[in-house]
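Have a look at target.tsv below; it lists TSV, C-alpha atoms.
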```
chain	number	residue	atom	x	y	z
A	1	MET	CA	86.60	2.35	119.90
A	2	SER	CA	88.00	0.71	123.00
A	3	LYS	CA	87.91	-3.04	123.38
A	4	LYS	CA	86.52	-4.97	126.34
A	5	GLN	CA	88.17	-8.16	127.47
A	6	ILE	CA	86.78	-11.55	128.48
A	7	MET	CA	89.16	-13.35	130.85
A	8	SER	CA	89.31	-16.93	132.06
A	9	PRO	CA	88.89	-17.34	135.83
A	10	LEU	CA	90.37	-20.85	135.60
A	11	PRO	CA	93.55	-22.59	134.50
A	12	GLY	CA	93.32	-25.69	132.31
A	13	THR	CA	92.43	-26.43	128.71
A	14	PHE	CA	90.16	-24.10	126.74
A	15	TYR	CA	87.46	-25.31	124.35
A	16	ARG	CA	85.33	-23.19	122.07
A	17	LYS	CA	82.48	-25.70	121.67
A	18	PRO	CA	80.44	-27.91	124.02
A	19	SER	CA	81.52	-31.15	122.28
A	20	PRO	CA	83.88	-32.03	119.42
A	21	ASP	CA	80.99	-32.29	116.90
A	22	SER	CA	79.19	-29.13	118.00
A	23	GLU	CA	79.27	-25.61	116.65
A	24	ASN	CA	81.41	-23.00	118.43
A	25	PHE	CA	79.65	-21.20	121.28
A	26	LYS	CA	80.61	-17.96	119.53
A	27	ASN	CA	82.36	-17.21	116.26
A	28	ASP	CA	84.60	-14.26	115.51
A	29	GLY	CA	82.40	-11.29	114.66
A	30	ASP	CA	79.40	-12.39	116.79
A	31	SER	CA	77.89	-10.09	119.39
A	32	VAL	CA	77.94	-11.07	123.05
A	33	GLU	CA	75.75	-10.39	126.07
A	34	ILE	CA	76.79	-10.60	129.71
A	35	ASP	CA	76.56	-14.23	130.93
A	36	ASP	CA	76.69	-15.69	127.39
A	37	VAL	CA	78.86	-18.81	127.39
A	38	VAL	CA	81.97	-18.24	125.26
A	39	GLY	CA	83.86	-21.45	126.00
A	40	LEU	CA	84.69	-24.27	128.39
A	41	ALA	CA	87.63	-24.73	130.72
A	42	GLU	CA	88.63	-28.32	131.46
A	43	VAL	CA	90.30	-28.72	134.83
A	44	MET	CA	90.36	-31.43	137.55
A	45	LYS	CA	88.46	-33.85	135.27
A	46	SER	CA	85.46	-31.57	134.81
A	47	PHE	CA	84.30	-28.92	132.38
A	48	HIS	CA	83.29	-25.42	133.45
A	49	GLU	CA	81.48	-22.83	131.38
A	50	ILE	CA	83.27	-19.55	130.88
A	51	LYS	CA	80.72	-16.76	130.70
A	52	SER	CA	81.20	-13.30	129.30
A	53	THR	CA	81.48	-10.54	131.88
A	54	VAL	CA	80.93	-7.87	129.23
A	55	SER	CA	78.54	-7.17	126.35
A	56	GLY	CA	79.41	-5.84	122.92
A	57	GLY	CA	79.86	-6.65	119.27
A	58	LYS	CA	82.43	-8.23	116.98
A	59	ILE	CA	83.97	-10.74	119.37
A	60	GLN	CA	87.53	-11.68	118.46
A	61	PHE	CA	89.06	-14.82	120.05
A	62	LEU	CA	92.73	-14.58	120.97
A	63	ILE	CA	93.27	-18.30	121.67
A	64	GLU	CA	92.43	-21.51	119.84
A	65	ASP	CA	90.29	-24.52	120.71
A	66	GLY	CA	92.38	-26.87	122.88
A	67	ASP	CA	94.89	-24.23	124.02
A	68	ALA	CA	96.24	-24.07	127.57
A	69	ILE	CA	94.83	-21.20	129.64
A	70	MET	CA	95.87	-19.42	132.82
A	71	PRO	CA	93.62	-17.60	135.32
A	72	GLY	CA	93.19	-13.98	134.25
A	73	GLN	CA	94.28	-14.71	130.67
A	74	VAL	CA	92.32	-12.79	128.01
A	75	ILE	CA	90.31	-15.24	125.91
A	76	ALA	CA	88.57	-12.78	123.62
A	77	GLU	CA	87.93	-9.10	123.04
A	78	VAL	CA	84.70	-7.35	122.09
A	79	GLU	CA	84.10	-3.87	120.79
B	1	MET	CA	76.46	-17.08	163.66
B	2	GLY	CA	79.17	-18.78	161.66
B	3	VAL	CA	80.26	-18.04	158.11
B	4	LYS	CA	77.66	-17.87	155.33
B	5	VAL	CA	78.72	-19.12	151.89
B	6	LEU	CA	77.43	-16.72	149.22
B	7	ASN	CA	79.41	-18.25	146.37
B	8	PRO	CA	81.44	-21.43	146.88
B	9	GLY	CA	84.21	-21.02	144.29
B	10	LEU	CA	85.27	-23.90	142.05
B	11	SER	CA	85.81	-26.67	144.63
B	12	THR	CA	86.39	-25.19	148.07
B	13	THR	CA	86.67	-27.88	150.74
B	14	ILE	CA	87.03	-27.97	154.51
B	15	GLN	CA	90.43	-29.44	155.38
B	16	ASP	CA	92.63	-29.83	158.43
B	17	LEU	CA	95.96	-31.65	158.64
B	18	GLY	CA	94.34	-34.92	157.63
B	19	ARG	CA	93.25	-38.35	158.75
B	20	PRO	CA	96.33	-40.54	159.16
B	21	GLY	CA	96.07	-44.05	160.59
B	22	TYR	CA	93.49	-45.61	158.27
B	23	PHE	CA	95.53	-46.02	155.08
B	24	HIS	CA	95.67	-49.80	155.62
B	25	LEU	CA	91.85	-49.80	155.43
B	26	GLY	CA	91.88	-47.87	152.17
B	27	ILE	CA	91.03	-44.51	153.77
B	28	PRO	CA	93.45	-41.87	152.45
B	29	ILE	CA	95.20	-39.35	154.67
B	30	SER	CA	93.32	-36.39	153.10
B	31	GLY	CA	93.87	-32.96	154.65
B	32	ALA	CA	95.37	-29.76	153.22
B	33	MET	CA	97.51	-30.43	150.15
B	34	ASP	CA	99.82	-27.59	151.22
B	35	GLN	CA	100.25	-28.56	154.86
B	36	LYS	CA	102.57	-25.70	155.72
B	37	ALA	CA	100.19	-23.05	154.41
B	38	MET	CA	97.35	-24.57	156.47
B	39	ARG	CA	99.47	-24.72	159.62
B	40	VAL	CA	100.62	-21.13	159.25
B	41	ALA	CA	97.08	-19.86	158.57
B	42	ASN	CA	95.95	-21.44	161.84
B	43	LEU	CA	98.91	-20.15	163.85
B	44	LEU	CA	98.29	-16.60	162.61
B	45	VAL	CA	94.74	-16.49	164.01
B	46	GLY	CA	95.70	-18.25	167.25
B	47	ASN	CA	94.23	-21.66	166.43
B	48	PRO	CA	95.85	-25.02	167.05
B	49	GLU	CA	97.66	-26.00	163.82
B	50	SER	CA	95.23	-28.89	163.46
B	51	ALA	CA	92.09	-26.71	163.28
B	52	ALA	CA	89.96	-26.99	160.14
B	53	GLY	CA	89.96	-24.23	157.53
B	54	LEU	CA	89.15	-23.91	153.84
B	55	GLU	CA	91.24	-25.15	150.94
B	56	ILE	CA	90.50	-22.90	147.97
B	57	VAL	CA	91.55	-24.12	144.55
B	58	PHE	CA	91.90	-21.85	141.46
B	59	THR	CA	88.86	-19.62	142.21
B	60	GLY	CA	87.89	-18.20	145.57
B	61	PRO	CA	84.58	-18.25	147.43
B	62	THR	CA	82.53	-15.25	148.56
B	63	LEU	CA	81.84	-15.50	152.29
B	64	ARG	CA	79.89	-13.40	154.76
B	65	PHE	CA	81.00	-13.51	158.39
B	66	ASP	CA	78.00	-13.51	160.69
B	67	GLU	CA	80.12	-13.14	163.80
B	68	ALA	CA	83.27	-11.15	164.57
B	69	CYS	CA	86.43	-13.21	164.12
B	70	LEU	CA	90.04	-13.25	162.96
B	71	ILE	CA	90.99	-14.69	159.57
B	72	ALA	CA	94.22	-15.37	157.69
B	73	VAL	CA	94.78	-16.31	154.04
B	74	THR	CA	97.95	-18.16	153.05
B	75	GLY	CA	99.26	-20.28	150.16
B	76	ALA	CA	98.69	-19.24	146.56
B	77	GLU	CA	98.68	-15.60	145.51
B	78	MET	CA	95.03	-14.66	145.04
B	79	PRO	CA	94.22	-11.05	145.97
B	80	PHE	CA	91.23	-10.67	148.31
B	81	LYS	CA	89.07	-7.92	149.74
B	82	LEU	CA	87.01	-7.45	152.87
B	83	ASP	CA	83.97	-5.24	152.10
B	84	GLY	CA	85.82	-4.00	149.03
B	85	VAL	CA	89.07	-3.15	150.84
B	86	SER	CA	92.23	-5.02	149.76
B	87	GLN	CA	93.90	-7.09	152.50
B	88	SER	CA	97.30	-8.72	152.86
B	89	PRO	CA	97.87	-12.47	152.87
B	90	TRP	CA	99.99	-14.23	155.50
B	91	GLN	CA	98.66	-12.09	158.34
B	92	SER	CA	95.76	-12.16	160.81
B	93	ILE	CA	92.94	-9.80	159.95
B	94	GLN	CA	90.14	-8.64	162.23
B	95	VAL	CA	86.69	-9.16	160.69
B	96	GLU	CA	83.55	-7.43	161.98
B	97	LYS	CA	80.19	-9.15	162.04
B	98	GLY	CA	78.50	-8.83	158.64
B	99	GLN	CA	81.62	-8.24	156.53
B	100	THR	CA	82.05	-10.00	153.18
B	101	LEU	CA	85.24	-11.60	151.85
B	102	GLU	CA	85.81	-11.84	148.08
B	103	PHE	CA	88.70	-13.11	145.98
B	104	ASP	CA	90.13	-11.89	142.67
B	105	TYR	CA	91.77	-14.00	139.93
B	106	LEU	CA	94.53	-16.38	140.95
B	107	ARG	CA	97.93	-14.76	140.26
B	108	ALA	CA	100.43	-17.47	141.26
B	109	GLY	CA	100.26	-20.94	142.80
B	110	ALA	CA	97.08	-22.99	142.87
B	111	ARG	CA	95.64	-23.29	146.40
B	112	CYS	CA	94.85	-20.75	149.12
B	113	TYR	CA	94.11	-21.60	152.73
B	114	LEU	CA	91.67	-19.62	154.86
B	115	SER	CA	91.70	-20.01	158.62
B	116	VAL	CA	89.04	-18.56	160.90
B	117	SER	CA	89.50	-18.12	164.64
B	118	GLY	CA	87.95	-21.10	166.44
B	119	GLY	CA	88.31	-23.26	163.32
B	120	ILE	CA	85.43	-24.59	161.22
B	121	ASP	CA	83.58	-26.84	163.64
B	122	VAL	CA	82.10	-29.63	161.52
B	123	PRO	CA	81.98	-33.13	163.10
B	124	LEU	CA	85.16	-35.16	163.41
B	125	ILE	CA	85.06	-38.27	161.20
B	126	LEU	CA	87.78	-40.80	162.09
B	127	GLY	CA	89.57	-38.06	163.99
B	128	SER	CA	89.56	-35.40	161.25
B	129	ARG	CA	87.32	-32.71	159.76
B	130	SER	CA	88.93	-33.07	156.31
B	131	THR	CA	86.68	-33.55	153.29
B	132	TYR	CA	87.30	-36.74	151.32
B	133	LEU	CA	85.33	-36.02	148.15
B	134	VAL	CA	85.53	-39.46	146.55
B	135	GLY	CA	84.42	-41.13	149.79
B	136	SER	CA	81.72	-38.46	150.35
B	137	PHE	CA	82.57	-37.97	154.01
B	138	GLY	CA	84.20	-35.37	156.22
B	139	GLY	CA	83.98	-31.60	155.96
B	140	MET	CA	80.60	-30.26	154.90
B	141	LEU	CA	78.59	-33.47	154.34
B	142	GLY	CA	81.42	-34.97	152.31
B	143	ARG	CA	81.18	-32.38	149.53
B	144	PRO	CA	82.68	-29.01	148.63
B	145	ILE	CA	81.02	-26.05	150.34
B	146	ALA	CA	77.92	-24.77	148.53
B	147	ALA	CA	76.02	-21.46	148.32
B	148	GLY	CA	73.77	-21.12	151.36
B	149	ASP	CA	75.93	-23.26	153.66
B	150	ILE	CA	76.63	-21.90	157.11
B	151	LEU	CA	80.07	-22.94	158.33
B	152	PRO	CA	79.97	-23.27	162.13
B	153	LEU	CA	82.90	-21.91	164.11
B	154	GLY	CA	84.46	-23.38	167.24
B	155	ASP	CA	84.96	-21.60	170.55
B	156	TYR	CA	87.75	-19.05	170.69
B	157	ASP	CA	89.33	-16.86	173.33
B	158	TYR	CA	89.87	-13.55	171.60
B	159	LEU	CA	93.24	-11.90	172.17
B	160	ALA	CA	93.81	-8.37	170.87
B	161	SER	CA	97.53	-9.19	170.57
B	162	GLN	CA	96.72	-11.76	167.86
B	163	VAL	CA	95.51	-9.09	165.38
B	164	GLY	CA	98.05	-8.25	162.68
B	165	LYS	CA	100.36	-11.20	163.40
B	166	ASN	CA	102.24	-11.89	160.20
B	167	LEU	CA	105.07	-13.73	158.56
B	168	PRO	CA	108.18	-11.76	157.52
B	169	THR	CA	109.03	-12.02	153.82
B	170	GLU	CA	112.09	-14.20	154.43
B	171	MET	CA	109.91	-16.86	156.07
B	172	LEU	CA	107.38	-17.06	153.22
B	173	PRO	CA	107.55	-20.33	151.28
B	174	ASN	CA	108.90	-20.00	147.75
B	175	ILE	CA	106.16	-21.49	145.56
B	176	SER	CA	107.94	-20.66	142.30
B	177	VAL	CA	110.31	-23.64	142.66
B	178	ARG	CA	110.03	-25.90	139.60
B	179	GLU	CA	112.43	-28.67	140.66
B	180	ILE	CA	110.72	-31.56	142.43
B	181	ARG	CA	112.98	-33.95	144.35
B	182	VAL	CA	112.33	-37.67	143.99
B	183	LEU	CA	113.67	-40.72	145.81
B	184	PRO	CA	113.71	-43.52	143.17
B	185	GLY	CA	112.11	-46.88	144.07
B	186	LEU	CA	110.29	-49.18	144.94
B	187	TYR	CA	109.79	-50.52	141.41
B	188	SER	CA	112.25	-48.40	139.44
B	189	HIS	CA	114.04	-51.68	138.55
B	190	ARG	CA	111.18	-52.29	136.11
B	191	LEU	CA	112.60	-49.51	133.87
B	192	THR	CA	115.62	-49.61	131.62
B	193	GLU	CA	118.50	-47.41	132.82
B	194	GLY	CA	118.19	-45.20	129.76
B	195	SER	CA	114.49	-44.71	130.42
B	196	ILE	CA	114.87	-43.66	134.05
B	197	SER	CA	117.65	-41.18	133.29
B	198	ARG	CA	115.53	-39.75	130.46
B	199	PHE	CA	112.61	-39.33	132.92
B	200	PHE	CA	114.83	-37.14	135.11
B	201	SER	CA	116.16	-35.11	132.16
B	202	GLU	CA	112.88	-34.21	130.48
B	203	LYS	CA	110.42	-31.42	131.24
B	204	TRP	CA	107.04	-32.64	132.48
B	205	VAL	CA	103.94	-30.46	132.30
B	206	VAL	CA	101.05	-30.57	134.81
B	207	ALA	CA	97.97	-32.02	133.09
B	208	SER	CA	94.56	-30.42	133.53
B	209	GLU	CA	93.34	-33.60	135.28
B	210	ALA	CA	95.64	-32.98	138.30
B	211	ASP	CA	93.59	-32.94	141.51
B	212	ARG	CA	93.61	-33.89	145.21
B	213	MET	CA	94.00	-37.60	144.40
B	214	GLY	CA	96.81	-37.39	141.92
B	215	TYR	CA	98.92	-34.86	140.09
B	216	ARG	CA	99.21	-36.05	136.51
B	217	PHE	CA	101.99	-34.93	134.16
B	218	LYS	CA	102.40	-35.03	130.37
B	219	GLY	CA	104.98	-34.11	127.81
B	220	GLY	CA	107.82	-36.57	128.36
B	221	GLN	CA	108.52	-39.70	126.31
B	222	ALA	CA	106.90	-43.01	127.20
B	223	LEU	CA	108.94	-45.13	129.63
B	224	GLU	CA	110.72	-48.30	128.50
B	225	PHE	CA	110.35	-51.39	130.65
B	226	VAL	CA	112.71	-54.27	131.25
B	227	GLU	CA	111.43	-57.44	129.54
B	228	ARG	CA	109.82	-59.93	131.90
B	229	LYS	CA	107.28	-62.70	132.23
B	230	ALA	CA	104.40	-61.17	134.24
B	231	PRO	CA	104.39	-62.71	137.74
B	232	PHE	CA	101.31	-64.54	138.99
B	233	GLY	CA	98.75	-61.95	140.13
B	234	ALA	CA	100.08	-59.07	138.04
B	235	GLY	CA	98.27	-57.76	134.97
B	236	SER	CA	99.77	-58.18	131.52
B	237	ASP	CA	100.74	-54.54	130.96
B	238	PRO	CA	104.47	-53.98	131.60
B	239	SER	CA	103.54	-51.26	134.15
B	240	ASN	CA	101.52	-53.77	136.22
B	241	ILE	CA	102.78	-55.32	139.44
B	242	VAL	CA	101.27	-57.72	141.95
B	243	ASP	CA	99.10	-55.33	144.02
B	244	SER	CA	101.09	-53.40	146.60
B	245	SER	CA	100.64	-50.40	148.88
B	246	TYR	CA	101.54	-46.86	147.85
B	247	ALA	CA	103.28	-44.27	150.00
B	248	TYR	CA	102.11	-40.62	149.96
B	249	GLY	CA	104.03	-39.01	147.10
B	250	SER	CA	104.54	-42.19	145.09
B	251	ILE	CA	104.80	-41.72	141.34
B	252	GLN	CA	102.86	-44.33	139.39
B	253	VAL	CA	102.97	-44.41	135.60
B	254	PRO	CA	100.09	-46.47	134.15
B	255	SER	CA	101.23	-47.99	130.85
B	256	GLY	CA	104.43	-45.95	131.18
B	257	THR	CA	102.97	-42.79	129.64
B	258	GLU	CA	101.72	-40.20	132.14
B	259	PRO	CA	103.30	-40.05	135.63
B	260	ILE	CA	100.84	-39.46	138.48
B	261	ILE	CA	102.03	-38.23	141.88
B	262	LEU	CA	99.70	-39.67	144.50
B	263	HIS	CA	98.57	-36.85	146.80
B	264	ARG	CA	96.40	-36.51	149.93
B	265	ASP	CA	93.23	-38.23	148.60
B	266	ALA	CA	95.01	-41.01	146.67
B	267	VAL	CA	94.28	-44.70	146.85
B	268	SER	CA	96.41	-46.66	149.32
B	269	ALA	CA	97.22	-49.64	147.08
B	270	GLY	CA	97.05	-50.84	143.51
B	271	GLY	CA	98.59	-52.75	140.67
B	272	TYR	CA	100.78	-50.16	138.95
B	273	PHE	CA	104.53	-49.94	139.52
B	274	THR	CA	105.94	-46.77	141.10
B	275	LEU	CA	109.22	-45.34	139.85
B	276	GLY	CA	109.87	-43.34	143.00
B	277	ALA	CA	108.29	-41.02	145.53
B	278	VAL	CA	108.38	-37.24	145.76
B	279	ILE	CA	110.09	-36.45	149.05
B	280	SER	CA	107.82	-35.24	151.85
B	281	ALA	CA	109.57	-31.86	151.90
B	282	ASP	CA	108.38	-31.14	148.34
B	283	MET	CA	104.77	-32.32	148.56
B	284	ASP	CA	103.49	-28.85	149.54
B	285	LEU	CA	105.05	-27.49	146.33
B	286	ILE	CA	103.02	-29.93	144.24
B	287	ALA	CA	99.84	-28.44	145.74
B	288	GLN	CA	100.80	-25.06	144.29
B	289	LEU	CA	101.35	-26.19	140.67
B	290	GLN	CA	98.82	-24.89	138.16
B	291	PRO	CA	97.90	-26.99	135.14
B	292	ASN	CA	100.28	-26.39	132.20
B	293	THR	CA	103.21	-25.64	134.53
B	294	SER	CA	106.47	-27.28	133.49
B	295	VAL	CA	108.62	-29.01	136.13
B	296	GLN	CA	111.83	-31.00	136.33
B	297	PHE	CA	112.09	-34.09	138.52
B	298	VAL	CA	115.43	-34.42	140.30
B	299	SER	CA	116.72	-37.77	141.58
B	300	ILE	CA	118.17	-37.65	145.12
B	301	ASP	CA	119.21	-40.25	147.70
B	302	MET	CA	117.82	-41.06	151.16
B	303	ALA	CA	120.40	-38.93	153.02
B	304	GLU	CA	119.45	-35.87	150.94
B	305	ALA	CA	115.74	-36.60	151.44
B	306	LEU	CA	116.15	-36.80	155.21
B	307	ALA	CA	118.23	-33.59	155.23
B	308	ALA	CA	115.47	-31.82	153.24
B	309	ARG	CA	112.90	-33.10	155.72
B	310	ALA	CA	114.92	-31.83	158.69
B	311	GLU	CA	115.29	-28.46	156.97
B	312	ARG	CA	111.53	-28.28	156.43
B	313	VAL	CA	110.82	-29.15	160.07
B	314	ALA	CA	113.32	-26.49	161.22
B	315	ALA	CA	111.75	-23.84	158.96
B	316	MET	CA	108.31	-24.62	160.43
B	317	GLU	CA	109.74	-24.46	163.94
B	318	GLN	CA	111.18	-21.03	163.18
B	319	ILE	CA	107.76	-19.82	161.92
B	320	ARG	CA	106.08	-21.22	165.02
B	321	ALA	CA	108.57	-19.46	167.29
B	322	HIS	CA	108.10	-16.19	165.40
B	323	ILE	CA	104.30	-16.20	165.55
B	324	LEU	CA	103.88	-17.55	169.07
B	325	THR	CA	106.46	-15.34	170.77
B	326	ASP	CA	106.34	-12.17	168.67
```
Let me see whether you can do it: turn the structure in this file into structure tokens.
Amino acid sequence: MSKKQIMSPLPGTFYRKPSPDSENFKNDGDSVEIDDVVGLAEVMKSFHEIKSTVSGGKIQFLIEDGDAIMPGQVIAEVE
Amino acid sequence: MGVKVLNPGLSTTIQDLGRPGYFHLGIPISGAMDQKAMRVANLLVGNPESAAGLEIVFTGPTLRFDEACLIAVTGAEMPFKLDGVSQSPWQSIQVEKGQTLEFDYLRAGARCYLSVSGGIDVPLILGSRSTYLVGSFGGMLGRPIAAGDILPLGDYDYLASQVGKNLPTEMLPNISVREIRVLPGLYSHRLTEGSISRFFSEKWVVASEADRMGYRFKGGQALEFVERKAPFGAGSDPSNIVDSSYAYGSIQVPSGTEPIILHRDAVSAGGYFTLGAVISADMDLIAQLQPNTSVQFVSIDMAEALAARAERVAAMEQIRAHILTD
């Protein structure tokens, strides 16, 4: 089965949860709908939600909480 | 009439070449962070170089043109389409009434500049149409453009010969340069010699906080200061000085940890020492650095800085001659 990719439109720092004490927006294996928030990008002193542009099951994150991201970089894949 | 904003992008602002002359009153120079890209965008569509356009950072807007016009996109590499058809940057493009412009992901650099024939005709504030976000004035009501805005265009005498004007590859600025030239001073004497030479030998990485006010860097070791008794009026931190004015491009390092290059919207004065200033010829390059990009600062002297400035002026003059006479 082919995999669909979720990419970051922004550069900056990637976070998987809304605050340090919160749960992850999505965990590996979750299913995802279009427009579901999958993470945050921190850039220019503000946080921006990264929404899924695809729907599918078994999301697999390719980067960790706190990692640097580039525009167009694949954050996660779904089946 | 005008240009309708369907989607604003991350923080798209109206900018021209800036608002010099008020720095002593605490009003920053503002204007396009990549001045050359803004000038060239205007020249390509037949505007005065000082006309106002859009500064687009990281993600592009979606715009609908409600009148026929010419546009040009310069600066960062961010592919764009007009009614679904890919277009080339660094050239003037004819737009029909009702066409929609959309941008793809950013590929290289950080900021694109969009010029529209006639320029964006918002009111002049202290002689400029530039948006100063922190001061909430200039541009579109002192804020980034927003969905639903209509950007008014100035008068323009259409010339068929202006369509398709472009910049040859050899005249395009090289935004992949990762060496930033610095003239040390005015307070570099506050650092130990070992510390300043280490600053110029280490790699520094653009922090995610970098914005129009300041470009912050991380990754190098903390600076070491010369021992002193804090002078009257200076704070107790070794990086504090008695308040002084800052030049455009100054590098301040609060507490000696994270260098900040003061850019177009920076404060004009403050109480942190500056270890040097990025030379004017390299300030456009700073505008094109994405967060997490690694750079090397290179120490040069005044003669080299002036030579670099003359070279930059000559390169711009060559572009001007090419576009205006071609």
Per-residue nearest contacts of chain B to chain A (8 Å; only C-alpha atoms) as CSV:
```
residue,atom,partner,partner_atom,distance
B:Phe58,CA,A:Leu10,CA,6.1
B:Thr59,CA,A:Pro9,CA,6.8
B:Tyr105,CA,A:Gly72,CA,5.9
B:Leu106,CA,A:Pro71,CA,5.8
B:Arg107,CA,A:Pro71,CA,7.1
B:Ala207,CA,A:Gly12,CA,7.9
B:Ser208,CA,A:Val43,CA,4.8
B:Glu209,CA,A:Met44,CA,4.3
B:Ala210,CA,A:Met44,CA,5.6
B:Asp211,CA,A:Met44,CA,5.3
B:Gln290,CA,A:Pro11,CA,6.8
B:Pro291,CA,A:Gly12,CA,5.5
B:Asn292,CA,A:Ala68,CA,6.6
```
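Among A:Pro18, A:Ser31, A:Ala76, A:Glu23, the residue with the shortest atom-to-atom distance to Gly57 in chain A, counting all atoms listed in the file, is A:Ser31.
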Requested in this report: Would you list the contacts of Val32 in chain A as a PyMOL selection string, taking every protein, DNA or RNA residue within 9 Å and counting all atoms listed in the file, but skipping same-chain residues closer than 3 positions in sequence?
Outcome: chain A and resi 26+35-38+52+54-59+78
query = Near Ile27 in chain B, within 10 Å and counting only C-alpha atoms, which residues show up once chain neighbours fewer than 5 positions away are dropped, as a list in words?
reply =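 Using only C-alpha atoms, the neighbours found are Arg19, Pro20, Gly21, Tyr22, Leu126, Tyr132, Gly135, Asp265, Ala266, Val267 and Ser268 of chain B.
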Atom pair CA of Lys36 in chain B + CA of Glu258 in chain B, distance 27.7 Å
- Task: Counting all atoms listed in the file, note down every residue that has an atom within 9 Å of the point (110.5, -25.7, 141.9) (file coordinates), as a ChimeraX atom specification.
- Result: /B:174-181,282,285-286,295-296
Dump C-alpha atoms for the selected residues as an mmCIF file, keeping the file's coordinate frame?
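Output saved as selection33.cif:
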```cif
data_model
loop_
_atom_site.group_PDB
_atom_site.id
_atom_site.type_symbol
_atom_site.label_atom_id
_atom_site.label_comp_id
_atom_site.auth_asym_id
_atom_site.auth_seq_id
_atom_site.Cartn_x
_atom_site.Cartn_y
_atom_site.Cartn_z
ATOM 1 C CA ASN B 174 108.900 -20.000 147.750
ATOM 2 C CA ILE B 175 106.160 -21.490 145.560
ATOM 3 C CA SER B 176 107.940 -20.660 142.300
ATOM 4 C CA VAL B 177 110.310 -23.640 142.660
ATOM 5 C CA ARG B 178 110.030 -25.900 139.600
ATOM 6 C CA GLU B 179 112.430 -28.670 140.660
ATOM 7 C CA ILE B 180 110.720 -31.560 142.430
ATOM 8 C CA ARG B 181 112.980 -33.950 144.350
ATOM 9 C CA ASP B 282 108.380 -31.140 148.340
ATOM 10 C CA LEU B 285 105.050 -27.490 146.330
ATOM 11 C CA ILE B 286 103.020 -29.930 144.240
ATOM 12 C CA VAL B 295 108.620 -29.010 136.130
ATOM 13 C CA GLN B 296 111.830 -31.000 136.330
#
```
Problem - Among the residues B:Leu151, B:Val206, B:Leu167, B:Cys112, the one that comes closest to Ser294 in chain B [using all atoms listed in the file] - result: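 Of all the options, B:Val206 lies closest to Ser294 in chain B.
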CA of Ser115 in chain B to CA of Ala146 in chain B measures 17.7 Å
Pick out the residues sitting within 7 Å of range 235-239 of chain B, and hand them over as a list in words; count all atoms listed in the file, and ignore anything fewer than 4 positions along from it in its own chain. Phe225, Ala230, Pro254, Ser255, Gly256, Tyr272 and Phe273 of chain B
re CA of Leu17 in chain B and CA of Asp104 in chain B: distance 26.1 Å
- Query: If we count only C-alpha atoms, what is near range 37-50 of chain B at a cut-off of 6 Å, once residues fewer than 2 positions away on the same chain are taken out, given as a list of chain:residue names?
  - Reply: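 Once the nearby chain positions are removed, what remains is B:Asp16, B:Leu17, B:Asp34, B:Gln35, B:Leu70, B:Ala72, B:Thr74, B:Gly75, B:Ser92, B:Tyr113, B:Ser115, B:Ser117, B:Lys165.
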